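S.K.: Got a structure for you, written out below as structure tokens; questions coming shortly.
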Amino acid sequence: MSDAILTLDNVGRVFRQGGTDFAVLVDINLEVKAGEIVALLGQSGAGKSTLLHTAGLLEPPTTGQVLINGQDCTRTSDRKRTETRRREIGFVYQFHHLLPEFSAIENVMMPNLIGGTPKKKAYANARHLLVSMGLEHRLDHRPAKMSGGEQQRVAIARALANHPSLLLADEPTGNLDEQTAELVFQKFVGLVREKNVGALVATHNLELAKRMDRIVMVRDHRLVDA
Ligand SMILES: Nc1ncnc2c1ncn2[C@@H]1O[C@H](COP(=O)(O)OP(=O)(O)OP(=O)(O)O)[C@@H](O)[C@H]1O
């Protein structure tokens with residue numbers, strides 16, 4: 001059996017617009033293993049976000065299968081899919097989507113508290129993640145009082161709060177200047193390695209992509225090695 005965290009098996013995604021079907025993704029095959037960071041490249045509109053949403057069980061594939069830890073998630077109930085997503089998958093977006101009225105540590109504790117983790121344990125977990133992201137001096141700051149890079153580091157910590165096995169990131173440094181992007185990227189890689197999660201990272205930044213373990217690219221609707 002494969003030891004992949006994420007398996008995309010002949011995944012296809014068709015959108016219907018104005019009564020016409022058009023295929024965005026065709027026969028996509030991909031495996032991401034624990035501890036592996038895979039860069040996902042492709043021109044704007046190529047289908048990177050669609051691929052991440054499909055891998056993250058936010059949208060069903062039109063054809064093919066999405067497996068998380070070897071379990072087919074395409075033919076299960078919505079409830080089971082949501083549960084798998086909540087337990088196994090962390091998401092990081094270009095814009096952080098932090099809750100503005102809560103502090104950094106409260107934002108990171110939130111997924112644990114929602115999942116029923118006792119407050120003390122959630123606090124310790126969130127604190128560890130934020131310290132790993134170099135934010136020990138920002139625990140009690142609200143997002144508005146933090147820089148863009150700090151906010152994004154909080155968002156990465158939050159994505160890992162539930163101990164997911166898979167991290168899906170859509171342009172995690174796309175909104176940051178070069179120097180800040182570098183710092184955030186380094187912290188991101190450090191924490192992903194520490195937690196041994198598999199990561200799939202959509203990016204337009206070829207230099208960052210080259211520093212990941214492997215690069216795949218959406219080209220003409222298909223996934224090719226780069
Ligand atoms: N819900 C939808 N309904 C119809 N078409 C969609 C939908 N979502 C995405 N598309 C189309 O699918 C194609 C791929 O979009 P997607 O956002 O996945 O590309 P992307 O590679 O992430 O682009 P970017 O780098 O600009 O973010 C685009 O042509 C887009 O218009």
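Each chain in the structure tokens gets a letter, A, B and so on, in the order shown; residues start at 1 in every chain, and ligands are counted from 1 in the order they appear.
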Let me see if you get this right: every residue at most 10 Å from ligand 1, counting only C-alpha atoms and all ligand atoms, written as a VMD selection string.
M.R.: chain A and resid 13 to 18 21 to 25 40 to 54 59 94 170 to 171 202 to 204 217 to 219 221
S.K.: Please identify which residues in stretch 86-155 of chain A DSSP calls alpha helix (DSSP H) from the backbone, and express them as a PyMOL selection string.
M.R.: chain A and resi 86-88+104-114+119-132+148-155
S.K.: Can you work out the spacing between atom CA of A:Asn107 and atom CA of A:Arg127 in Å, to one decimal?
M.R.: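 Those two atoms sit 11.0 Å apart.
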S.K.: Using only C-alpha atoms for the distances, tell me which of A:Leu113, A:Leu30, A:Ala226, A:Val92 is nearest to A:Ala159.
M.R.: A:Val92
S.K.: By how many Å are atom CA of A:His163 and atom CA of A:Val192 apart?
M.R.: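 Going from atom CA of A:His163 over to atom CA of A:Val192, I get 10.6 Å.
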S.K.: So, with only C-alpha atoms as the atoms that count, which of A:Lys195, A:Lys187, A:His97, A:Arg142 lies closest to A:Leu130?
M.R.: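 Counting only C-alpha atoms, the residue closest to A:Leu130 is A:Lys187.
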S.K.: Counting only C-alpha atoms, what is within 7 Å of stretch 7-9 of chain A, bar same-chain residues fewer than 3 positions away, as a list in words?
M.R.: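 Listing them by chain and then by number gives Ala4, Ile28, Asn29, Leu30, Glu31, Val32, Gly64, Gln65, Val66, Leu67 and Ile68 of chain A.
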S.K.: With C-alpha atoms retained, could you export that selection as a PDB file, in the first residue's frame?
M.R.:
```
ATOM      1  CA  ALA A   4       1.044   8.810   0.586  1.00  0.00           C
ATOM      2  CA  ILE A  28      -4.379  14.496 -12.596  1.00  0.00           C
ATOM      3  CA  ASN A  29      -2.215  12.008 -10.732  1.00  0.00           C
ATOM      4  CA  LEU A  30      -0.234  13.067  -7.694  1.00  0.00           C
ATOM      5  CA  GLU A  31       1.078  11.679  -4.436  1.00  0.00           C
ATOM      6  CA  VAL A  32       2.316  13.741  -1.512  1.00  0.00           C
ATOM      7  CA  GLY A  64     -11.327  10.205 -10.356  1.00  0.00           C
ATOM      8  CA  GLN A  65     -10.554   9.815  -6.675  1.00  0.00           C
ATOM      9  CA  VAL A  66      -9.054  11.857  -3.873  1.00  0.00           C
ATOM     10  CA  LEU A  67      -7.503   9.746  -1.123  1.00  0.00           C
ATOM     11  CA  ILE A  68      -6.354  11.064   2.236  1.00  0.00           C
TER      12      ILE A  68
END
```
S.K.: For a test of reading the model, state the distance in Å between atom CA of A:Thr76 and atom CA of A:Gly115, rounded to one decimal.
M.R.: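 Computed distance, atom CA of A:Thr76 to atom CA of A:Gly115, equals 21.1 Å.
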